[in-house]
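What follows is run19.csv (CSV, N, CA and C atoms).
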chain,number,residue,atom,x,y,z
A,173,LEU,N,-105.5,99.7,-28.6
A,173,LEU,CA,-106.1,99.6,-27.3
A,173,LEU,C,-107.6,99.1,-27.3
A,174,SER,N,-108.3,99.6,-28.3
A,174,SER,CA,-109.8,99.2,-28.4
A,174,SER,C,-109.9,97.7,-28.8
A,175,LEU,N,-108.9,97.2,-29.6
A,175,LEU,CA,-108.9,95.8,-29.9
A,175,LEU,C,-108.7,94.9,-28.7
A,176,MET,N,-107.9,95.4,-27.7
A,176,MET,CA,-107.7,94.7,-26.5
A,176,MET,C,-109.0,94.7,-25.7
A,177,GLN,N,-109.8,95.8,-25.7
A,177,GLN,CA,-111.0,95.9,-25.0
A,177,GLN,C,-112.1,94.9,-25.6
A,178,MET,N,-112.1,94.7,-26.9
A,178,MET,CA,-112.9,93.8,-27.5
A,178,MET,C,-112.6,92.4,-27.0
A,179,ALA,N,-111.3,92.0,-27.0
A,179,ALA,CA,-110.9,90.7,-26.5
A,179,ALA,C,-111.3,90.5,-25.1
A,180,LYS,N,-111.2,91.5,-24.2
A,180,LYS,CA,-111.6,91.4,-22.8
A,180,LYS,C,-113.1,91.3,-22.7
A,181,SER,N,-113.8,92.0,-23.5
A,181,SER,CA,-115.3,91.9,-23.4
A,181,SER,C,-115.7,90.5,-23.8
A,182,CYS,N,-115.1,90.0,-24.9
A,182,CYS,CA,-115.5,88.6,-25.4
A,182,CYS,C,-115.1,87.6,-24.3
A,183,ALA,N,-114.0,87.7,-23.7
A,183,ALA,CA,-113.6,86.8,-22.6
A,183,ALA,C,-114.5,86.8,-21.4
A,184,ALA,N,-114.9,88.0,-21.1
A,184,ALA,CA,-115.9,88.2,-20.0
A,184,ALA,C,-117.2,87.5,-20.3
A,185,LEU,N,-117.7,87.7,-21.6
A,185,LEU,CA,-118.9,87.1,-22.0
A,185,LEU,C,-118.8,85.5,-22.0
A,186,ALA,N,-117.6,85.0,-22.3
A,186,ALA,CA,-117.4,83.6,-22.3
A,186,ALA,C,-117.5,83.1,-20.8
A,187,ARG,N,-117.0,83.8,-19.9
A,187,ARG,CA,-117.1,83.4,-18.5
A,187,ARG,C,-118.5,83.5,-18.0
A,188,PHE,N,-119.3,84.5,-18.5
A,188,PHE,CA,-120.7,84.7,-18.1
A,188,PHE,C,-121.5,83.5,-18.6
A,189,ARG,N,-121.2,83.1,-19.8
A,189,ARG,CA,-121.9,82.0,-20.4
A,189,ARG,C,-121.7,80.6,-19.7
A,190,GLU,N,-120.5,80.5,-19.1
A,190,GLU,CA,-120.2,79.3,-18.3
A,190,GLU,C,-121.2,79.2,-17.2
A,191,ARG,N,-121.8,80.3,-16.7
A,191,ARG,CA,-122.8,80.3,-15.6
A,191,ARG,C,-124.2,80.0,-16.2
A,192,ARG,N,-124.3,79.7,-17.5
A,192,ARG,CA,-125.5,79.3,-18.1
A,192,ARG,C,-126.6,80.4,-18.0
A,193,LYS,N,-126.2,81.6,-18.1
A,193,LYS,CA,-127.1,82.8,-18.1
A,193,LYS,C,-127.3,83.3,-19.5
A,194,PRO,N,-128.4,83.8,-19.9
A,194,PRO,CA,-128.6,84.3,-21.3
A,194,PRO,C,-128.0,85.7,-21.4
A,195,TYR,N,-127.4,85.9,-22.5
A,195,TYR,CA,-126.9,87.3,-22.9
A,195,TYR,C,-127.8,87.9,-23.9
A,196,ILE,N,-128.5,88.9,-23.5
A,196,ILE,CA,-129.5,89.6,-24.4
A,196,ILE,C,-128.8,90.9,-24.8
A,197,SER,N,-128.6,91.1,-26.1
A,197,SER,CA,-128.0,92.2,-26.7
A,197,SER,C,-129.0,93.2,-27.2
A,198,LEU,N,-128.9,94.5,-26.7
A,198,LEU,CA,-129.8,95.6,-27.2
A,198,LEU,C,-129.0,96.5,-28.1
A,199,LEU,N,-129.5,96.5,-29.3
A,199,LEU,CA,-128.8,97.4,-30.3
A,199,LEU,C,-129.7,98.6,-30.5
A,200,LEU,N,-129.1,99.7,-30.0
A,200,LEU,CA,-129.8,101.0,-30.1
A,200,LEU,C,-129.2,101.8,-31.2
A,201,ASP,N,-129.9,102.8,-31.7
A,201,ASP,CA,-129.5,103.6,-32.8
A,201,ASP,C,-128.5,104.7,-32.3
A,202,PRO,N,-127.4,104.8,-32.9
A,202,PRO,CA,-126.7,103.8,-33.8
A,202,PRO,C,-125.8,102.9,-33.0
A,203,THR,N,-125.6,101.7,-33.5
A,203,THR,CA,-124.7,100.7,-33.0
A,203,THR,C,-123.6,100.5,-34.1
A,204,THR,N,-122.4,101.0,-33.9
A,204,THR,CA,-121.5,101.0,-35.0
A,204,THR,C,-120.1,100.7,-34.4
A,205,GLY,N,-119.1,100.6,-35.3
A,205,GLY,CA,-117.7,100.4,-35.0
A,205,GLY,C,-117.5,99.1,-34.3
A,206,GLY,N,-116.6,99.2,-33.3
A,206,GLY,CA,-116.1,98.0,-32.6
A,206,GLY,C,-117.2,97.2,-31.8
A,207,VAL,N,-118.2,98.0,-31.4
A,207,VAL,CA,-119.3,97.3,-30.7
A,207,VAL,C,-120.1,96.4,-31.6
A,208,ALA,N,-120.4,96.9,-32.8
A,208,ALA,CA,-121.1,96.1,-33.8
A,208,ALA,C,-120.2,95.0,-34.3
A,209,ALA,N,-118.9,95.2,-34.3
A,209,ALA,CA,-118.0,94.2,-34.8
A,209,ALA,C,-117.8,93.1,-33.8
A,210,SER,N,-118.0,93.4,-32.5
A,210,SER,CA,-117.7,92.4,-31.5
A,210,SER,C,-118.9,91.9,-30.8
A,211,THR,N,-119.3,92.6,-29.7
A,211,THR,CA,-120.2,92.1,-28.8
A,211,THR,C,-121.7,92.2,-29.2
A,212,ALA,N,-122.0,93.1,-30.1
A,212,ALA,CA,-123.4,93.4,-30.4
A,212,ALA,C,-124.2,92.2,-30.9
A,213,PHE,N,-123.6,91.4,-31.7
A,213,PHE,CA,-124.2,90.3,-32.4
A,213,PHE,C,-123.9,89.0,-31.7
A,214,LEU,N,-123.3,89.0,-30.5
A,214,LEU,CA,-123.0,87.8,-29.8
A,214,LEU,C,-124.1,87.3,-28.9
A,215,GLY,N,-125.2,88.1,-28.8
A,215,GLY,CA,-126.3,87.8,-27.9
A,215,GLY,C,-127.0,86.4,-28.2
A,216,ASP,N,-127.5,85.8,-27.1
A,216,ASP,CA,-128.3,84.7,-27.4
A,216,ASP,C,-129.6,85.2,-28.0
A,217,ILE,N,-130.0,86.4,-27.6
A,217,ILE,CA,-131.1,87.1,-28.2
A,217,ILE,C,-130.7,88.5,-28.5
A,218,ASN,N,-130.9,88.9,-29.7
A,218,ASN,CA,-130.5,90.3,-30.2
A,218,ASN,C,-131.7,91.1,-30.5
A,219,LEU,N,-131.9,92.2,-29.8
A,219,LEU,CA,-133.1,93.1,-30.0
A,219,LEU,C,-132.5,94.4,-30.6
A,220,VAL,N,-133.3,95.0,-31.5
A,220,VAL,CA,-132.9,96.2,-32.1
A,220,VAL,C,-134.1,97.2,-32.1
A,221,GLU,N,-133.8,98.5,-32.0
A,221,GLU,CA,-134.8,99.5,-32.2
A,221,GLU,C,-135.3,99.7,-33.6
A,222,PRO,N,-136.5,100.1,-33.9
A,222,PRO,CA,-136.9,100.4,-35.2
A,222,PRO,C,-136.1,101.4,-35.9
A,223,ASN,N,-135.8,101.2,-37.2
A,223,ASN,CA,-135.1,102.2,-38.0
A,223,ASN,C,-133.6,102.5,-37.5
A,224,SER,N,-133.1,101.6,-36.7
A,224,SER,CA,-131.7,101.8,-36.2
A,224,SER,C,-130.7,101.5,-37.3
A,225,GLN,N,-129.6,102.2,-37.2
A,225,GLN,CA,-128.4,101.9,-38.1
A,225,GLN,C,-127.5,101.1,-37.2
A,226,VAL,N,-127.1,99.9,-37.8
A,226,VAL,CA,-126.2,99.0,-37.1
A,226,VAL,C,-125.2,98.5,-38.1
A,227,GLY,N,-123.9,98.7,-37.8
A,227,GLY,CA,-122.9,98.2,-38.7
A,227,GLY,C,-121.5,98.6,-38.2
A,228,PHE,N,-120.5,98.0,-38.8
A,228,PHE,CA,-119.2,98.2,-38.4
A,228,PHE,C,-118.6,99.5,-39.1
A,229,ALA,N,-118.9,99.6,-40.3
A,229,ALA,CA,-118.4,100.8,-41.1
A,229,ALA,C,-119.5,101.4,-41.8
A,230,GLY,N,-119.4,102.7,-42.3
A,230,GLY,CA,-120.4,103.3,-43.0
A,230,GLY,C,-120.6,102.7,-44.4
A,231,ALA,N,-121.8,102.9,-45.0
A,231,ALA,CA,-122.1,102.3,-46.3
A,231,ALA,C,-121.1,102.8,-47.4
A,232,ARG,N,-120.7,104.0,-47.4
A,232,ARG,CA,-119.7,104.5,-48.4
A,232,ARG,C,-118.4,103.7,-48.3
A,233,VAL,N,-117.9,103.5,-47.1
A,233,VAL,CA,-116.7,102.8,-46.9
A,233,VAL,C,-116.8,101.4,-47.4
A,234,ILE,N,-117.9,100.7,-47.0
A,234,ILE,CA,-118.1,99.3,-47.5
A,234,ILE,C,-118.2,99.3,-49.0
A,235,GLU,N,-119.0,100.2,-49.6
A,235,GLU,CA,-119.1,100.2,-51.0
A,235,GLU,C,-117.8,100.4,-51.7
A,236,ALA,N,-117.0,101.3,-51.2
A,236,ALA,CA,-115.7,101.5,-51.8
A,236,ALA,C,-114.8,100.3,-51.6
A,237,THR,N,-114.9,99.6,-50.5
A,237,THR,CA,-114.1,98.4,-50.2
A,237,THR,C,-114.4,97.2,-51.1
A,238,ILE,N,-115.7,97.0,-51.3
A,238,ILE,CA,-116.2,95.8,-52.0
A,238,ILE,C,-116.5,96.1,-53.5
A,239,ARG,N,-116.4,97.4,-53.8
A,239,ARG,CA,-116.7,97.9,-55.2
A,239,ARG,C,-118.0,97.5,-55.8
A,240,THR,N,-119.1,97.6,-54.9
A,240,THR,CA,-120.4,97.4,-55.4
A,240,THR,C,-121.4,98.2,-54.6
A,241,THR,N,-122.6,98.3,-55.1
A,241,THR,CA,-123.7,99.1,-54.4
A,241,THR,C,-124.4,98.2,-53.4
A,242,LEU,N,-124.6,98.7,-52.3
A,242,LEU,CA,-125.2,97.9,-51.2
A,242,LEU,C,-126.8,97.9,-51.4
A,243,PRO,N,-127.4,96.9,-51.0
A,243,PRO,CA,-128.9,96.8,-51.1
A,243,PRO,C,-129.6,98.0,-50.3
A,244,GLU,N,-130.8,98.3,-50.8
A,244,GLU,CA,-131.6,99.3,-50.1
A,244,GLU,C,-131.8,98.9,-48.6
A,245,GLY,N,-131.6,99.9,-47.7
A,245,GLY,CA,-131.9,99.6,-46.3
A,245,GLY,C,-130.8,98.8,-45.6
A,246,PHE,N,-129.6,98.6,-46.3
A,246,PHE,CA,-128.5,97.9,-45.7
A,246,PHE,C,-128.1,98.6,-44.4
A,247,GLN,N,-127.9,97.8,-43.3
A,247,GLN,CA,-127.5,98.3,-42.0
A,247,GLN,C,-128.7,98.9,-41.2
A,248,LYS,N,-129.9,98.7,-41.7
A,248,LYS,CA,-131.0,99.2,-40.9
A,248,LYS,C,-131.7,98.0,-40.3
A,249,SER,N,-132.5,98.3,-39.2
A,249,SER,CA,-133.1,97.2,-38.4
A,249,SER,C,-133.9,96.2,-39.2
A,250,ASP,N,-134.7,96.7,-40.1
A,250,ASP,CA,-135.6,95.8,-40.9
A,250,ASP,C,-134.8,94.9,-41.8
A,251,PHE,N,-133.7,95.4,-42.4
A,251,PHE,CA,-132.8,94.6,-43.2
A,251,PHE,C,-132.1,93.5,-42.3
A,252,LEU,N,-131.7,93.9,-41.2
A,252,LEU,CA,-131.0,93.0,-40.2
A,252,LEU,C,-132.0,91.9,-39.8
A,253,ARG,N,-133.2,92.2,-39.5
A,253,ARG,CA,-134.2,91.2,-39.1
A,253,ARG,C,-134.5,90.3,-40.2
A,254,SER,N,-134.7,90.8,-41.4
A,254,SER,CA,-135.0,89.9,-42.5
A,254,SER,C,-133.9,89.0,-43.0
A,255,HIS,N,-132.7,89.3,-42.5
A,255,HIS,CA,-131.5,88.5,-42.9
A,255,HIS,C,-131.0,87.7,-41.7
A,256,GLY,N,-131.8,87.6,-40.6
A,256,GLY,CA,-131.5,86.8,-39.4
A,256,GLY,C,-130.4,87.3,-38.5
A,257,MET,N,-130.0,88.6,-38.6
A,257,MET,CA,-129.0,89.1,-37.8
A,257,MET,C,-129.5,89.5,-36.4
A,258,VAL,N,-130.8,89.9,-36.3
A,258,VAL,CA,-131.4,90.2,-35.0
A,258,VAL,C,-132.7,89.4,-34.9
A,259,ASP,N,-133.2,89.2,-33.7
A,259,ASP,CA,-134.3,88.4,-33.4
A,259,ASP,C,-135.6,89.2,-33.4
A,260,ALA,N,-135.6,90.4,-33.0
A,260,ALA,CA,-136.8,91.2,-32.9
A,260,ALA,C,-136.5,92.7,-33.0
A,261,ILE,N,-137.5,93.4,-33.5
A,261,ILE,CA,-137.4,94.9,-33.5
A,261,ILE,C,-138.4,95.4,-32.5
A,262,VAL,N,-137.9,96.1,-31.5
A,262,VAL,CA,-138.7,96.5,-30.4
A,262,VAL,C,-138.5,98.0,-30.1
A,263,PRO,N,-139.6,98.8,-30.2
A,263,PRO,CA,-139.5,100.2,-29.9
A,263,PRO,C,-138.9,100.5,-28.5
A,264,ARG,N,-138.1,101.5,-28.3
A,264,ARG,CA,-137.4,101.8,-27.1
A,264,ARG,C,-138.3,101.8,-25.9
A,265,MET,N,-139.5,102.4,-26.1
A,265,MET,CA,-140.4,102.6,-24.9
A,265,MET,C,-141.0,101.2,-24.5
A,266,GLU,N,-140.9,100.2,-25.4
A,266,GLU,CA,-141.4,98.9,-25.1
A,266,GLU,C,-140.3,97.9,-24.7
A,267,MET,N,-139.1,98.4,-24.7
A,267,MET,CA,-137.9,97.5,-24.5
A,267,MET,C,-137.9,96.9,-23.1
A,268,LYS,N,-138.2,97.7,-22.0
A,268,LYS,CA,-138.2,97.1,-20.7
A,268,LYS,C,-139.2,96.0,-20.5
A,269,LYS,N,-140.5,96.2,-21.0
A,269,LYS,CA,-141.5,95.2,-21.0
A,269,LYS,C,-141.1,93.9,-21.7
A,270,LYS,N,-140.4,94.1,-22.9
A,270,LYS,CA,-140.0,92.9,-23.7
A,270,LYS,C,-138.9,92.2,-22.9
A,271,LEU,N,-138.0,92.9,-22.3
A,271,LEU,CA,-136.9,92.3,-21.5
A,271,LEU,C,-137.4,91.5,-20.4
A,272,GLU,N,-138.4,92.1,-19.6
A,272,GLU,CA,-139.0,91.4,-18.5
A,272,GLU,C,-139.7,90.1,-19.0
A,273,SER,N,-140.4,90.2,-20.1
A,273,SER,CA,-141.1,89.0,-20.7
A,273,SER,C,-140.0,87.9,-21.1
A,274,LEU,N,-139.0,88.3,-21.7
A,274,LEU,CA,-137.9,87.3,-22.1
A,274,LEU,C,-137.3,86.7,-20.9
A,275,LEU,N,-136.9,87.5,-19.9
A,275,LEU,CA,-136.3,86.9,-18.7
A,275,LEU,C,-137.2,86.0,-18.0
A,276,LEU,N,-138.5,86.3,-17.9
A,276,LEU,CA,-139.5,85.4,-17.3
A,276,LEU,C,-139.6,84.1,-18.1
A,277,HIS,N,-139.7,84.2,-19.4
A,277,HIS,CA,-139.7,83.1,-20.2
A,277,HIS,C,-138.5,82.2,-20.1
A,278,LEU,N,-137.3,82.8,-19.9
A,278,LEU,CA,-136.1,82.1,-19.8
A,278,LEU,C,-135.8,81.6,-18.3
A,279,GLY,N,-136.7,81.9,-17.4
A,279,GLY,CA,-136.6,81.5,-16.0
A,279,GLY,C,-135.5,82.3,-15.3
A,280,VAL,N,-135.3,83.5,-15.7
A,280,VAL,CA,-134.3,84.4,-15.0
A,280,VAL,C,-135.1,85.5,-14.3
A,281,GLU,N,-134.8,85.6,-13.0
A,281,GLU,CA,-135.6,86.6,-12.2
A,281,GLU,C,-135.1,88.0,-12.6
A,282,ALA,N,-136.0,88.9,-12.9
A,282,ALA,CA,-135.6,90.3,-13.2
A,282,ALA,C,-135.7,91.1,-11.9
A,283,SER,N,-134.7,92.0,-11.7
A,283,SER,CA,-134.8,92.8,-10.5
A,283,SER,C,-135.0,94.2,-10.8

Serialized structure, structure tokens:
Amino acid sequence: LSLMQMAKSCAALARFRERRKPYISLLLDPTTGGVAASTAFLGDINLVEPNSQVGFAGARVIEATIRTTLPEGFQKSDFLRSHGMVDAIVPRMEMKKKLESLLLHLGVEAS
């Protein structure tokens, strides 16, 4: 059932993009499972909170699956930023101001 919801969410996002509107994804701590696997990283702009854990599966599960040790800080916001997975790290209390600035820059009226 959850896989069907992922497909529906991605289809809705495709229809949204046809209207040429930006999709800004906010990754808050934690963003895991199906959300991380599907819609979280599909944003035109991806913002994440400092020190957030973001990933599909836990580190132990991944290590057991790939049979290797993961790098320090794997699935944390700084690691994701340094590897190009997110665009900016923004504290939650500054998120609204950042969103307003981005929307203004993109020519989208914030309400």

Self-check item: For Val226 (chain A), the nearest of the candidates A:Arg253, A:Lys270, A:Lys193, A:Lys248, counting all atoms listed in the file
Solution: A:Lys248

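Minimum atom-to-atom distance to Asp201 (chain A), evaluated using all atoms listed in the file, belongs to A:Val220 out of A:Ala179, A:Met267, A:Val220, A:Leu242.
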
Practice problem: Just give me the gap between atom N of Gly256 (chain A) and atom N of Ile217 (chain A) in Å, one decimal is fine. | Solution: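 Interatomic distance here is 13.2 Å.
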
Exercise. Mind checking which residues fall within 6 Å of region 204-215 of chain A, counting all atoms listed in the file, ignoring those fewer than 3 positions away in the same chain, and posting them as number ranges by chain?
Key: A: 195-197, 218, 226-229

Self-check item: One-decimal distance in Å that lies between atom C of Thr237 (chain A) and atom C of Leu219 (chain A)
Solution: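 Answer for the atom C of Leu219 (chain A) to atom C of Thr237 (chain A) separation: 27.5 Å.
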
Would you list the contacts of Glu272 (chain A) as a short mmCIF file (atom, residue, chain, number, x, y, z; two decimals) with N, CA and C atoms, in the frame of the given file, taking every protein, DNA or RNA residue within 12 Å and counting only C-alpha atoms, but skipping same-chain residues closer than 5 positions in sequence?
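Okay, this is what ended up in around38.cif:
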data_model
loop_
_atom_site.label_atom_id
_atom_site.label_comp_id
_atom_site.auth_asym_id
_atom_site.auth_seq_id
_atom_site.Cartn_x
_atom_site.Cartn_y
_atom_site.Cartn_z
N ILE A 196 -128.50 88.90 -23.50
CA ILE A 196 -129.50 89.60 -24.40
C ILE A 196 -128.80 90.90 -24.80
N GLU A 266 -140.90 100.20 -25.40
CA GLU A 266 -141.40 98.90 -25.10
C GLU A 266 -140.30 97.90 -24.70
N MET A 267 -139.10 98.40 -24.70
CA MET A 267 -137.90 97.50 -24.50
C MET A 267 -137.90 96.90 -23.10
N HIS A 277 -139.70 84.20 -19.40
CA HIS A 277 -139.70 83.10 -20.20
C HIS A 277 -138.50 82.20 -20.10
N LEU A 278 -137.30 82.80 -19.90
CA LEU A 278 -136.10 82.10 -19.80
C LEU A 278 -135.80 81.60 -18.30
N GLY A 279 -136.70 81.90 -17.40
CA GLY A 279 -136.60 81.50 -16.00
C GLY A 279 -135.50 82.30 -15.30
N VAL A 280 -135.30 83.50 -15.70
CA VAL A 280 -134.30 84.40 -15.00
C VAL A 280 -135.10 85.50 -14.30
N GLU A 281 -134.80 85.60 -13.00
CA GLU A 281 -135.60 86.60 -12.20
C GLU A 281 -135.10 88.00 -12.60
N ALA A 282 -136.00 88.90 -12.90
CA ALA A 282 -135.60 90.30 -13.20
C ALA A 282 -135.70 91.10 -11.90
N SER A 283 -134.70 92.00 -11.70
CA SER A 283 -134.80 92.80 -10.50
C SER A 283 -135.00 94.20 -10.80
#

For Gly245 (chain A), find every residue with an atom within 12 Å (counting only C-alpha atoms), except residues of its own chain fewer than 2 positions away, and show them as a PDB file with N, CA and C atoms, keeping the file's coordinate frame.
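In the end it all went to part-v1.pdb:
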ATOM      1  N   ASN A 223    -135.800 101.200 -37.200  1.00  0.00           N
ATOM      2  CA  ASN A 223    -135.100 102.200 -38.000  1.00  0.00           C
ATOM      3  C   ASN A 223    -133.600 102.500 -37.500  1.00  0.00           C
ATOM      4  N   SER A 224    -133.100 101.600 -36.700  1.00  0.00           N
ATOM      5  CA  SER A 224    -131.700 101.800 -36.200  1.00  0.00           C
ATOM      6  C   SER A 224    -130.700 101.500 -37.300  1.00  0.00           C
ATOM      7  N   GLN A 225    -129.600 102.200 -37.200  1.00  0.00           N
ATOM      8  CA  GLN A 225    -128.400 101.900 -38.100  1.00  0.00           C
ATOM      9  C   GLN A 225    -127.500 101.100 -37.200  1.00  0.00           C
ATOM     10  N   VAL A 226    -127.100  99.900 -37.800  1.00  0.00           N
ATOM     11  CA  VAL A 226    -126.200  99.000 -37.100  1.00  0.00           C
ATOM     12  C   VAL A 226    -125.200  98.500 -38.100  1.00  0.00           C
ATOM     13  N   GLY A 227    -123.900  98.700 -37.800  1.00  0.00           N
ATOM     14  CA  GLY A 227    -122.900  98.200 -38.700  1.00  0.00           C
ATOM     15  C   GLY A 227    -121.500  98.600 -38.200  1.00  0.00           C
ATOM     16  N   ALA A 231    -121.800 102.900 -45.000  1.00  0.00           N
ATOM     17  CA  ALA A 231    -122.100 102.300 -46.300  1.00  0.00           C
ATOM     18  C   ALA A 231    -121.100 102.800 -47.400  1.00  0.00           C
ATOM     19  N   THR A 241    -122.600  98.300 -55.100  1.00  0.00           N
ATOM     20  CA  THR A 241    -123.700  99.100 -54.400  1.00  0.00           C
ATOM     21  C   THR A 241    -124.400  98.200 -53.400  1.00  0.00           C
ATOM     22  N   LEU A 242    -124.600  98.700 -52.300  1.00  0.00           N
ATOM     23  CA  LEU A 242    -125.200  97.900 -51.200  1.00  0.00           C
ATOM     24  C   LEU A 242    -126.800  97.900 -51.400  1.00  0.00           C
ATOM     25  N   PRO A 243    -127.400  96.900 -51.000  1.00  0.00           N
ATOM     26  CA  PRO A 243    -128.900  96.800 -51.100  1.00  0.00           C
ATOM     27  C   PRO A 243    -129.600  98.000 -50.300  1.00  0.00           C
ATOM     28  N   GLN A 247    -127.900  97.800 -43.300  1.00  0.00           N
ATOM     29  CA  GLN A 247    -127.500  98.300 -42.000  1.00  0.00           C
ATOM     30  C   GLN A 247    -128.700  98.900 -41.200  1.00  0.00           C
ATOM     31  N   LYS A 248    -129.900  98.700 -41.700  1.00  0.00           N
ATOM     32  CA  LYS A 248    -131.000  99.200 -40.900  1.00  0.00           C
ATOM     33  C   LYS A 248    -131.700  98.000 -40.300  1.00  0.00           C
ATOM     34  N   SER A 249    -132.500  98.300 -39.200  1.00  0.00           N
ATOM     35  CA  SER A 249    -133.100  97.200 -38.400  1.00  0.00           C
ATOM     36  C   SER A 249    -133.900  96.200 -39.200  1.00  0.00           C
ATOM     37  N   ASP A 250    -134.700  96.700 -40.100  1.00  0.00           N
ATOM     38  CA  ASP A 250    -135.600  95.800 -40.900  1.00  0.00           C
ATOM     39  C   ASP A 250    -134.800  94.900 -41.800  1.00  0.00           C
ATOM     40  N   PHE A 251    -133.700  95.400 -42.400  1.00  0.00           N
ATOM     41  CA  PHE A 251    -132.800  94.600 -43.200  1.00  0.00           C
ATOM     42  C   PHE A 251    -132.100  93.500 -42.300  1.00  0.00           C
ATOM     43  N   LEU A 252    -131.700  93.900 -41.200  1.00  0.00           N
ATOM     44  CA  LEU A 252    -131.000  93.000 -40.200  1.00  0.00           C
ATOM     45  C   LEU A 252    -132.000  91.900 -39.800  1.00  0.00           C
ATOM     46  N   ARG A 253    -133.200  92.200 -39.500  1.00  0.00           N
ATOM     47  CA  ARG A 253    -134.200  91.200 -39.100  1.00  0.00           C
ATOM     48  C   ARG A 253    -134.500  90.300 -40.200  1.00  0.00           C
ATOM     49  N   SER A 254    -134.700  90.800 -41.400  1.00  0.00           N
ATOM     50  CA  SER A 254    -135.000  89.900 -42.500  1.00  0.00           C
ATOM     51  C   SER A 254    -133.900  89.000 -43.000  1.00  0.00           C
ATOM     52  N   HIS A 255    -132.700  89.300 -42.500  1.00  0.00           N
ATOM     53  CA  HIS A 255    -131.500  88.500 -42.900  1.00  0.00           C
ATOM     54  C   HIS A 255    -131.000  87.700 -41.700  1.00  0.00           C
TER      55      HIS A 255
END

Exercise. Please report, as a list in words, each residue of region 190-273 of chain A to which DSSP assigns strand (DSSP E) when run on this structure's backbone.
Key: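 Strand (DSSP E) assignments inside region 190-273 of chain A correspond to Ile196, Ser197, Leu198, Leu199, Thr203, Thr204, Ile217, Asn218, Leu219, Val220, Val226, Gly227, Ala260 and Ile261 of chain A.
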
Exercise. Name all residues at most 8 Å from Pro263 (chain A) (count only N, CA and C atoms; drop same-chain ones fewer than 5 positions away) and give them as a list in words.
Key: Val220, Glu221, Pro222 and Lys268 of chain A

Exercise. List every residue of region 176-249 of chain A that DSSP, applied to the backbone of this structure, assigns to alpha helix (DSSP H), and report them as an MDAnalysis selection string.
Key: chainID A and resid 176:190 205:209 231:238 249

Exercise. Report the distance between atom C of Leu276 (chain A) and CA of Asp259 (chain A) in Å, rounded to one decimal place.
Key: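 Separation between atom C of Leu276 (chain A) and CA of Asp259 (chain A): 16.8 Å.
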
Rebuild region 255-259 of chain A so that it carries all heavy atoms, then output the result as a PDB file, in the coordinates of the input.
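The resulting result35.pdb:
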ATOM      1  N   HIS A 255    -132.700  89.300 -42.500  1.00  0.00           N
ATOM      2  CA  HIS A 255    -131.500  88.500 -42.900  1.00  0.00           C
ATOM      3  C   HIS A 255    -131.000  87.700 -41.700  1.00  0.00           C
ATOM      4  O   HIS A 255    -129.894  87.163 -41.685  1.00  0.00           O
ATOM      5  CB  HIS A 255    -130.396  89.357 -43.453  1.00  0.00           C
ATOM      6  CG  HIS A 255    -130.708  89.802 -44.851  1.00  0.00           C
ATOM      7  ND1 HIS A 255    -131.532  90.868 -45.115  1.00  0.00           N
ATOM      8  CD2 HIS A 255    -130.335  89.293 -46.044  1.00  0.00           C
ATOM      9  CE1 HIS A 255    -131.640  91.018 -46.427  1.00  0.00           C
ATOM     10  NE2 HIS A 255    -130.939  90.071 -47.010  1.00  0.00           N
ATOM     11  N   GLY A 256    -131.800  87.600 -40.600  1.00  0.00           N
ATOM     12  CA  GLY A 256    -131.500  86.800 -39.400  1.00  0.00           C
ATOM     13  C   GLY A 256    -130.400  87.300 -38.500  1.00  0.00           C
ATOM     14  O   GLY A 256    -129.887  86.559 -37.695  1.00  0.00           O
ATOM     15  N   MET A 257    -130.000  88.600 -38.600  1.00  0.00           N
ATOM     16  CA  MET A 257    -129.000  89.100 -37.800  1.00  0.00           C
ATOM     17  C   MET A 257    -129.500  89.500 -36.400  1.00  0.00           C
ATOM     18  O   MET A 257    -128.770  89.568 -35.432  1.00  0.00           O
ATOM     19  CB  MET A 257    -128.349  90.344 -38.441  1.00  0.00           C
ATOM     20  CG  MET A 257    -127.655  90.020 -39.752  1.00  0.00           C
ATOM     21  SD  MET A 257    -126.233  88.941 -39.547  1.00  0.00           S
ATOM     22  CE  MET A 257    -125.117  90.027 -38.698  1.00  0.00           C
ATOM     23  N   VAL A 258    -130.800  89.900 -36.300  1.00  0.00           N
ATOM     24  CA  VAL A 258    -131.400  90.200 -35.000  1.00  0.00           C
ATOM     25  C   VAL A 258    -132.700  89.400 -34.900  1.00  0.00           C
ATOM     26  O   VAL A 258    -133.299  88.952 -35.890  1.00  0.00           O
ATOM     27  CB  VAL A 258    -131.721  91.720 -34.892  1.00  0.00           C
ATOM     28  CG1 VAL A 258    -130.421  92.512 -34.906  1.00  0.00           C
ATOM     29  CG2 VAL A 258    -132.664  92.220 -35.953  1.00  0.00           C
ATOM     30  N   ASP A 259    -133.200  89.200 -33.700  1.00  0.00           N
ATOM     31  CA  ASP A 259    -134.300  88.400 -33.400  1.00  0.00           C
ATOM     32  C   ASP A 259    -135.600  89.200 -33.400  1.00  0.00           C
ATOM     33  O   ASP A 259    -136.667  88.630 -33.777  1.00  0.00           O
ATOM     34  CB  ASP A 259    -134.157  87.690 -32.061  1.00  0.00           C
ATOM     35  CG  ASP A 259    -132.951  86.773 -32.086  1.00  0.00           C
ATOM     36  OD1 ASP A 259    -132.949  85.831 -32.890  1.00  0.00           O
ATOM     37  OD2 ASP A 259    -132.005  87.016 -31.318  1.00  0.00           O
TER      38      ASP A 259
END
